[in-house]
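Peer 1: My questions all concern the structure below.
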Amino acid sequence: MSLDKSAAGSPPVRGPGDLVAWFRERERPPAEWKVGLEHEKVAIEAGTVRPLAYEGPRGVEAVLRGFGRMGYQLVEDEGRVIAAQHRGLTVSIEPGGQIELSGRPFQDVHVVAAELDRHHARCAALAAELGVEFLATGYRPWGTPATTPWMPKSRYRVMRPFLAARGRLAEDMMAMTGSVQASFDFGSEADMAEKLRLALAAQPAVTALYANSPVVGGRAWGGKSFRVQVWEETDPARCGLLPFAFEEGFAASAYRRYVEWALDVPMIFLRRRGDYLATGGRTFRAFLAEGLHGERPTLADWEDHLSCLFPDVRVKGVVELRGADACHPSMAKSLAAFWKGLLYDAPARAAAWDEVKGLALEERRELSREAGRHGLAGRDARGRLLRELAEALLRISAEGLHRQNCCAAGGEDERVWLAPLLERAASGRSPADEALEAFRAGGDRGLARALRCA
């Protein structure tokens with residue numbers, strides 16, 4: 001989760017038109033489009049399956065302070081270190097002590113990949129120094145939210161009870177899950193609409209390719225991505241598919257449609273003077289009409305609210321793709337390349353839409369569940385394997401990357417980063433299949449070795 005920006009001096013919101021304008025002001029010309037990448041890891045004490053506490057010589061705070069010794073600037077919340085920043089890159093903590101890299105956006109995947117490699121090299125050095133292990137997985141395989149130490153970040157004191165009252169697995173989402181996410185710019189309202197709609201429709205293929213959470217509470221649960229189930233039972237008001245994105249005429253009023261949806265989602269908190277104030281479930285629309293705690297809404301409040309919406313694809317200042325379990329860094333690089341090939345090339349977007357159009361909304365929801373249960377062996381309502389859909393989308397993405405012709409120093413274009421996904425689609429094996437094999441052969445420690453990324 002991103003760090004809160006200062007709310008001081010933020011312009012007031014006078015009506016929905018200001019919120020539509022907020023999106024319009026974030027349009028960028030294609031020459032300036034970039035790729036952002038976020039990668040989450042769960043941490044355990046080396047040689048065990050125990051999660052890290054916040055404090056102590058092998059705690060989460062010690063990890064962040066380790067980045068401080070590497071030249072990062074530490075960020076505190078009520079006197080507790082919650083993040084480390086360096087030249088626009090942020091390493092922060094999620095509620096259950098997950099370590100998240102929020103990388104800087106770059107115009108090509110080669111540079112994104114190099115930054116991710118540097119980050120994991122630093123993680124490996126800290127792991128050796130402190131006696132910890134970092135695991136890339138969609139769901140912590142051991143323990144529960146009740147047995148996992150929660151991090152002392154002030155917003156979580158409000159978020160935890162709010163979400164727990166709205167979904168059986170909301171606390172699991174906060175404390176137990178890990179993901180890899182990619183974000184992309186948009187150039188106009190119609191461009192944003194096209195990217196959002198395609199990304200929502202193609203997401204089940206990505207979920208299947210990245211399914212990597214087959215063990216829950218120390219046991220195989222019978223599916224490939226338990227993280228899919230977690231999001232199903234977090235908060236239906238702010239999660240899942242966005243039906244309006246598939247309605248006729250969406251592209252002509254995409255900003256307004258997204259704003260109208262977001263206005264009716266209950267706010268989790270309101271930040272004022274360093275405090276996180278409970279909202280009582282009031283929507284942003286009600287806040288706009290009536291105020292809250294004697295306060296009127298500002299654009300900073302709107303940005304806070306957007307950061308607490310969790311659909312499968314989210315729009316803030318960028319289009320953010322959120323459907324992939326955390327996997328090995330090589331797969332994270334592939335995610336950035338896959339979506340760049342589809343979203344930043346108009347012919348690729350059109351061809352990809354031809355592959356995913358035509359399903360009814362409930363068929364799309366069921367396809368996401370299929371991806372979570374069966375990975376690449378899942379089927380859509382027409383009987384098509386997710387493996388086959390993934391192969392088709394990968395071919396289109398490769399063509400899109402080839403046309404973009406963004407080459408590294410050695411002359412290779414960004415198609416080189418698709419190799420891990422091409423291998424998975426050809427084999428029909430999600431990362432969960434290998435994780436399960438490691439678990440059955442070597443138990444808990446075998447699984448930890450298979451998931452370890454630093």
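Note on naming: chains are A, B, ... as they come in the structure tokens, residues start from 1 per chain, ligands start from 1 in the order shown.
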Give me, as a ChimeraX atom specification, all polymer residues having an atom no more than 12 Å from A:Phe246, counting only C-alpha atoms and skipping those fewer than 3 positions away in the same chain.
Peer 2: /A:193-201,241-243,249-251,254,257,353,356-361,364
Peer 1: Got a sec: who's within 10 Å of A:Ser330, counting only C-alpha atoms, leaving out chain neighbours fewer than 4 positions off, as a PDB file with N, CA and C atoms, in the first residue's frame?
Peer 2:
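Final file, result.pdb:
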```pdb
ATOM      1  N   ALA A 113      13.257  -4.107 -14.741  1.00  0.00           N
ATOM      2  CA  ALA A 113      13.843  -5.385 -14.322  1.00  0.00           C
ATOM      3  C   ALA A 113      15.148  -5.178 -13.580  1.00  0.00           C
ATOM      4  N   LEU A 116      14.425  -4.050 -10.056  1.00  0.00           N
ATOM      5  CA  LEU A 116      13.940  -5.162  -9.242  1.00  0.00           C
ATOM      6  C   LEU A 116      15.092  -6.074  -8.828  1.00  0.00           C
ATOM      7  N   ASP A 117      16.029  -6.330  -9.728  1.00  0.00           N
ATOM      8  CA  ASP A 117      17.194  -7.147  -9.386  1.00  0.00           C
ATOM      9  C   ASP A 117      18.029  -6.496  -8.281  1.00  0.00           C
ATOM     10  N   SER A 334       8.134 -10.476 -15.972  1.00  0.00           N
ATOM     11  CA  SER A 334       7.254 -10.915 -17.051  1.00  0.00           C
ATOM     12  C   SER A 334       5.916 -10.206 -17.012  1.00  0.00           C
ATOM     13  N   LEU A 335       5.402  -9.944 -15.801  1.00  0.00           N
ATOM     14  CA  LEU A 335       4.114  -9.274 -15.677  1.00  0.00           C
ATOM     15  C   LEU A 335       4.164  -7.888 -16.308  1.00  0.00           C
ATOM     16  N   TRP A 417      11.530 -10.771 -21.829  1.00  0.00           N
ATOM     17  CA  TRP A 417      11.013 -10.919 -20.471  1.00  0.00           C
ATOM     18  C   TRP A 417       9.777 -11.805 -20.405  1.00  0.00           C
ATOM     19  N   LEU A 418       9.219 -12.177 -21.549  1.00  0.00           N
ATOM     20  CA  LEU A 418       8.045 -13.056 -21.555  1.00  0.00           C
ATOM     21  C   LEU A 418       8.398 -14.528 -21.421  1.00  0.00           C
ATOM     22  N   ALA A 419       9.664 -14.872 -21.492  1.00  0.00           N
ATOM     23  CA  ALA A 419      10.058 -16.287 -21.535  1.00  0.00           C
ATOM     24  C   ALA A 419       9.468 -17.122 -20.400  1.00  0.00           C
ATOM     25  N   PRO A 420       9.513 -16.678 -19.130  1.00  0.00           N
ATOM     26  CA  PRO A 420       8.938 -17.527 -18.070  1.00  0.00           C
ATOM     27  C   PRO A 420       7.444 -17.801 -18.263  1.00  0.00           C
ATOM     28  N   LEU A 421       6.705 -16.830 -18.769  1.00  0.00           N
ATOM     29  CA  LEU A 421       5.274 -17.029 -18.984  1.00  0.00           C
ATOM     30  C   LEU A 421       5.006 -17.945 -20.168  1.00  0.00           C
ATOM     31  N   CYS A 453      12.682 -15.983  -2.307  1.00  0.00           N
ATOM     32  CA  CYS A 453      13.180 -15.092  -3.357  1.00  0.00           C
ATOM     33  C   CYS A 453      14.360 -14.258  -2.872  1.00  0.00           C
TER      34      CYS A 453
END
```
Peer 1: From the options A:Cys239, A:Val228, A:Val112, A:Val315, which residue's atoms come nearest to A:Pro214, counting only C-alpha atoms?
Peer 2: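 Among the listed residues, the smallest separation from A:Pro214 belongs to A:Val228.
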Peer 1: Enumerate the residues of stretch 255-316 of chain A with a DSSP assignment of strand (DSSP E or B), computed from the backbone, and present them as a list in words.
Peer 2: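 Residues meeting the strand (DSSP E or B) criterion: Pro266, Phe269, Leu270, Arg271, Arg272, Asp275, Tyr276, Leu277, Ala278, Thr283, Leu292, Glu295, Thr298, Phe310, Pro311, Val313, Arg314 and Val315 of chain A.
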Peer 1: For A:Phe67, please output as a ChimeraX atom specification all residues within 10 Å (counting only C-alpha atoms; exclusion window: fewer than 5 positions along the same chain).
Peer 2: /A:62,72-74,83-86,91,119,122-123,126
Peer 1: Between A:Pro347, A:Pro236, A:Gly143, A:Gly375, which residue has the minimum interatomic distance to A:Pro431, considering only C-alpha atoms?
Peer 2: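 Looking at the shortest contact to A:Pro431, the residue is A:Gly375.
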Peer 1: Per residue of stretch 258-283 of chain A within 10 Å of stretch 308-312 of chain A, note the shortest atom pair and the distance in Å to one decimal, counting only C-alpha atoms, and order the rows by chain and increasing residue number, as CSV.
Peer 2:
```
residue,atom,partner,partner_atom,distance
A:Ala262,CA,A:Leu309,CA,7.8
A:Val265,CA,A:Leu309,CA,8.1
A:Pro266,CA,A:Leu309,CA,9.5
A:Met267,CA,A:Cys308,CA,8.0
A:Ile268,CA,A:Cys308,CA,7.3
A:Phe269,CA,A:Cys308,CA,9.2
```
Peer 1: May I have the residues from that selection written out with N, CA and C atoms, as a CSV table (one decimal), in the first residue's frame?
Peer 2:
```csv
chain,number,residue,atom,x,y,z
A,262,ALA,N,-17.1,5.1,-7.3
A,262,ALA,CA,-16.3,5.4,-6.2
A,262,ALA,C,-17.0,6.2,-5.1
A,265,VAL,N,-19.0,4.1,-2.6
A,265,VAL,CA,-18.3,3.1,-1.8
A,265,VAL,C,-18.0,3.7,-0.4
A,266,PRO,N,-18.3,3.0,0.7
A,266,PRO,CA,-18.1,3.6,2.0
A,266,PRO,C,-16.6,3.9,2.2
A,267,MET,N,-16.3,5.1,2.8
A,267,MET,CA,-15.0,5.5,3.1
A,267,MET,C,-14.5,4.7,4.4
A,268,ILE,N,-13.2,4.3,4.4
A,268,ILE,CA,-12.7,3.6,5.5
A,268,ILE,C,-12.2,4.6,6.6
A,269,PHE,N,-11.6,5.7,6.2
A,269,PHE,CA,-11.1,6.6,7.2
A,269,PHE,C,-11.1,8.0,6.6
```
Peer 1: Using only C-alpha atoms, which of the listed residues (A:Gly400, A:Gly167, A:Pro16, A:Gly79) sits closest to A:Leu343?
Peer 2: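 Nearest to A:Leu343: A:Gly400.
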Peer 1: Rounded to one decimal place, report the atom CA of A:Tyr156-atom CA of A:Ala300 distance in Å.
Peer 2: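 That distance, rounded to one decimal, is 18.4 Å.
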Peer 1: Among stretch 127-343 of chain A, which residues does DSSP mark as helix (DSSP H, G or I) when it is run on the backbone? Keep the chain and numbering as in the structure and answer as a PyMOL selection string.
Peer 2: chain A and resi 127-130+154-164+170-176+189-210+226-232+243-246+250-263+284-290+299-307+329-343
Peer 1: Tell me which of A:Asp301, A:Glu391, A:Glu295, A:Asp18 sits closest to A:Arg256, counting only C-alpha atoms.
Peer 2: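 Checking each of A:Asp301, A:Glu391, A:Glu295, A:Asp18 against A:Arg256, counting only C-alpha atoms, the winner is A:Asp18.
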Peer 1: Which is closest to A:Ser188 among A:Gly446, A:Pro30, A:Gly341, A:Pro297, if we use only C-alpha atoms?
Peer 2: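 Of the candidates, the smallest distance to A:Ser188 is held by A:Pro30.
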Peer 1: What is the atom CA of A:Val81-atom CA of A:Glu61 distance in Å, reported with one decimal?
Peer 2: 6.3 Å
